[in-house]
Amino acid sequence: MEKTTTEPLLKKNNNKVYYDNCPGCKVDQRKDTYEGIPIKEFIYVWIVVLCSALPISSLFPFLYFMIRDTHIAKREEDIGYYAGFVGASFMFGRALTSVLWGIIADRYGRKPVIIFGAVSVVLFSTLFGLSTTFWMAITTRFLLGSLNGALGPVKAYASEVSRPEHQALGLSLVSTAWGIGLIVGPAVGGFLAQPAEKYPDIISKDSLFGRFPYLLPCLCISMVGVVVCVACFWLPETLHRNHGDNDEDNSYEALEASQGNRKGHSASKKSLLKNWPLMSSVIVYCIFSLNDMAYSEIFPLWAVSPRKLGGLSFSTDDVGVILAISGAGLFTFQTFVYPRVERLLGPVVVARISAVLTIPVLQSYPLIATLSGISLSILLNCASALKNVFSISIVTGLFVLQNNAVDQDQRGAANGISMTGMSLFKAFGPAMGGVLFSWAQKRQDASFLPGSNIILAV
């Protein structure tokens, strides 16, 4: 009886072993044979991160008015206090589940976690737009944060689809899409919230968007989630699987290589918490995230609050314009400037320089607040754009350090730890920022940094 010839389970190329039924091996084989930039995979990274980032801060331009409309705040000065807890609920939910999503991504693959995260954006972003009570708003934001675990796995994915020379570019795409999402999200929220008041000739007060004035921006973000969810069905998986399915067709050399790989993986299974290169970068990332998230919430609250309370009396449209300009500046910087600077200095040095330059930019806000007219507009836009450019440069350097500190089989869990710490600190950011902002607005007659100036200076 003749033995049926079958396709070999293993292929060897340049002393590397590839399994035909392993999606991770297919990605590695493509990296070894194709030296160009993986444009298709980078597009997936971009849209997934953008989808995850858009709902995080899209509420900030209209959160002041949303809390006011729930009538939970007895005084106008207390609105910032309650707004802080709504902003914190998302990150608190994410902090509770990020490690779990990282473990799931390491066991079952990046793709299912990413698709589930996009589905959660579609569902809970819409429900948040329909919120009419303070507790419904907090609950939907908490569920959105806890069930969308895509950001950690997609950082691992960006590193895994890249050749070493393209890794910094791939991770800069993550931080760029993240930064643009954190800027475009509030711009969408600012332009599209309360449409019946802004566009009465188009949208009636008795229509769906008139009865739920904050639904339209949330629905637009949900539509982005739908597109990402459908597109990611064609997302190439990068996790290595089915390495134990070899049979009599396997050669001795292939088995030896496979056993060597397993020994290397077991040796690398040390506790991630004892991995100092990883944990040191995570600690810095967490501290920076606290500052960045507090800024993301306080800036729109400060801009829309009345002049008598130390704000700028901006409308949500005004805030949207500033954030849109910042987003355009960030995109221009990351596309044309950052790659050249990164090749010259390296991502870590760029991150250090950006951290130092962020300090004088933030310290300039109390002075900018004393201006008016065109000078206020120009300097405020410049400061906002610079703050976001420096933030993304810092985050990119930290992403590179984190992903280079671990092997692939621990990368999902490592990014989960990073996301947990970042989310905890970002949860404290809005809550602490909201409480401090509310307190600052009550001290208008103080002799030292009255009103919101003390927050801006800090």
# chains A, B, ... in the order shown; residues from 1 in each chain; ligands from 1
>>> residues_around(residues="Ser354 (chain A)", least_positions_apart="5", cutoff="7 Å", atoms="only C-alpha atoms", output="ChimeraX atom specification")
/A:390,393-394
>>> residues_around(residues="region 25-42 of chain A", least_positions_apart="2", cutoff="8 Å", atoms="only C-alpha atoms", output="PDB file with C-alpha atoms, in the first residue's frame")
ATOM      1  CA  TYR A  18       8.314  27.523   9.964  1.00  0.00           C
ATOM      2  CA  TYR A  19       5.142  25.530  10.632  1.00  0.00           C
ATOM      3  CA  ASP A  20       2.597  25.546   7.821  1.00  0.00           C
ATOM      4  CA  CYS A  22       1.013  28.339  12.456  1.00  0.00           C
ATOM      5  CA  PRO A  23      -0.134  31.936  11.746  1.00  0.00           C
ATOM      6  CA  TYR A  44      -4.663  47.715  10.753  1.00  0.00           C
ATOM      7  CA  VAL A  45      -2.628  48.965  13.721  1.00  0.00           C
ATOM      8  CA  TRP A  46      -3.553  52.564  12.938  1.00  0.00           C
ATOM      9  CA  ALA A 158       2.742  46.288  15.932  1.00  0.00           C
ATOM     10  CA  VAL A 161       4.716  42.390  12.331  1.00  0.00           C
ATOM     11  CA  SER A 162       7.771  44.668  12.084  1.00  0.00           C
ATOM     12  CA  ARG A 163      11.332  43.863  11.172  1.00  0.00           C
ATOM     13  CA  HIS A 166      10.812  49.137  11.374  1.00  0.00           C
ATOM     14  CA  GLY A 170       5.378  50.604  14.024  1.00  0.00           C
ATOM     15  CA  LEU A 173       2.146  54.582  14.650  1.00  0.00           C
ATOM     16  CA  LEU A 235      -6.344  40.859  10.246  1.00  0.00           C
ATOM     17  CA  PRO A 236      -3.358  38.425  10.044  1.00  0.00           C
ATOM     18  CA  GLU A 237      -2.783  36.676  13.386  1.00  0.00           C
ATOM     19  CA  THR A 238       0.766  36.841  14.792  1.00  0.00           C
ATOM     20  CA  HIS A 240       2.527  31.132  17.227  1.00  0.00           C
TER      21      HIS A 240
END
>>> atom_distance(atom1="CA of Gln334 (chain A)", atom2="CA of Leu290 (chain A)")
23.0 Å
>>> residues_around(residues="Gly346 (chain A)", least_positions_apart="4", cutoff="12 Å", atoms="only C-alpha atoms", output="list in words")
Glu165, Gln167, Ala168, Leu169, Ser172, Tyr338, Pro339, Arg340, Val341, Glu342, Val350, Ala351, Arg352, Ile353, Ser393, Ile394, Thr396, Gly397, Leu398, Val400 and Leu401 of chain A
>>> write_last_selection(atoms="C-alpha atoms", output="PDB file, in the first residue's frame")
ATOM      1  CA  GLU A 165      14.551  48.321  11.617  1.00  0.00           C
ATOM      2  CA  GLN A 167       9.845  48.496  14.995  1.00  0.00           C
ATOM      3  CA  ALA A 168      10.185  52.108  16.130  1.00  0.00           C
ATOM      4  CA  LEU A 169       8.042  53.185  13.177  1.00  0.00           C
ATOM      5  CA  SER A 172       5.260  55.319  16.720  1.00  0.00           C
ATOM      6  CA  TYR A 338       9.590  62.415  13.850  1.00  0.00           C
ATOM      7  CA  PRO A 339      11.013  59.647  11.569  1.00  0.00           C
ATOM      8  CA  ARG A 340      14.051  61.814  10.744  1.00  0.00           C
ATOM      9  CA  VAL A 341      14.627  62.885  14.342  1.00  0.00           C
ATOM     10  CA  GLU A 342      14.176  59.300  15.568  1.00  0.00           C
ATOM     11  CA  VAL A 350      13.747  61.960  21.716  1.00  0.00           C
ATOM     12  CA  ALA A 351      11.483  60.965  24.626  1.00  0.00           C
ATOM     13  CA  ARG A 352      13.903  62.487  27.165  1.00  0.00           C
ATOM     14  CA  ILE A 353      14.184  65.774  25.281  1.00  0.00           C
ATOM     15  CA  SER A 393       7.245  61.427  21.403  1.00  0.00           C
ATOM     16  CA  ILE A 394       7.527  60.382  25.061  1.00  0.00           C
ATOM     17  CA  THR A 396       6.716  56.185  21.543  1.00  0.00           C
ATOM     18  CA  GLY A 397      10.060  55.870  23.337  1.00  0.00           C
ATOM     19  CA  LEU A 398       8.421  54.091  26.267  1.00  0.00           C
ATOM     20  CA  VAL A 400       9.862  50.690  22.299  1.00  0.00           C
ATOM     21  CA  LEU A 401      11.486  50.036  25.683  1.00  0.00           C
TER      22      LEU A 401
END
>>> closest_atom_pairs(of="region 98-215 of chain A", to="region 53-64 of chain A", cutoff="6 Å", atoms="only C-alpha atoms", output="tab-separated table")
residue	atom	partner	partner_atom	distance
A:Trp178	CA	A:Ala53	CA	5.5
A:Gly181	CA	A:Leu54	CA	4.5
A:Leu182	CA	A:Ser57	CA	5.7
A:Gly185	CA	A:Ser58	CA	4.1
A:Pro186	CA	A:Ser58	CA	3.9
A:Gly189	CA	A:Ser58	CA	5.1
A:Gly190	CA	A:Pro61	CA	5.3
>>> write_last_selection(atoms="N, CA and C atoms", output="PDB file, in the first residue's frame")
ATOM      1  N   TRP A 178      -2.923  56.917  18.700  1.00  0.00           N
ATOM      2  CA  TRP A 178      -3.445  57.162  20.048  1.00  0.00           C
ATOM      3  C   TRP A 178      -3.582  58.661  20.307  1.00  0.00           C
ATOM      4  N   GLY A 181      -6.258  60.168  18.136  1.00  0.00           N
ATOM      5  CA  GLY A 181      -7.568  59.791  18.654  1.00  0.00           C
ATOM      6  C   GLY A 181      -7.953  60.621  19.863  1.00  0.00           C
ATOM      7  N   LEU A 182      -6.975  60.900  20.739  1.00  0.00           N
ATOM      8  CA  LEU A 182      -7.245  61.711  21.934  1.00  0.00           C
ATOM      9  C   LEU A 182      -7.487  63.173  21.582  1.00  0.00           C
ATOM     10  N   GLY A 185     -10.998  62.890  18.936  1.00  0.00           N
ATOM     11  CA  GLY A 185     -12.183  62.533  19.722  1.00  0.00           C
ATOM     12  C   GLY A 185     -12.845  63.745  20.354  1.00  0.00           C
ATOM     13  N   PRO A 186     -12.104  64.576  21.107  1.00  0.00           N
ATOM     14  CA  PRO A 186     -12.703  65.790  21.646  1.00  0.00           C
ATOM     15  C   PRO A 186     -13.174  66.765  20.566  1.00  0.00           C
ATOM     16  N   GLY A 189     -16.458  65.458  19.596  1.00  0.00           N
ATOM     17  CA  GLY A 189     -17.388  65.768  20.675  1.00  0.00           C
ATOM     18  C   GLY A 189     -17.752  67.238  20.713  1.00  0.00           C
ATOM     19  N   GLY A 190     -16.782  68.108  20.466  1.00  0.00           N
ATOM     20  CA  GLY A 190     -17.036  69.541  20.503  1.00  0.00           C
ATOM     21  C   GLY A 190     -17.923  70.020  19.364  1.00  0.00           C
TER      22      GLY A 190
END
>>> closest_residue(among="A:Trp302, A:Val119, A:Leu192, A:Glu197", to="Ile79 (chain A)", atoms="only C-alpha atoms")
A:Trp302
>>> select_by_dssp(residues="region 125-311 of chain A", states="helix (DSSP H, G or I)", output="PyMOL selection string")
chain A and resi 125-129+134-147+151-160+164-192+195-198+208-211+215-234+252-267+272-274+276-304+307-309
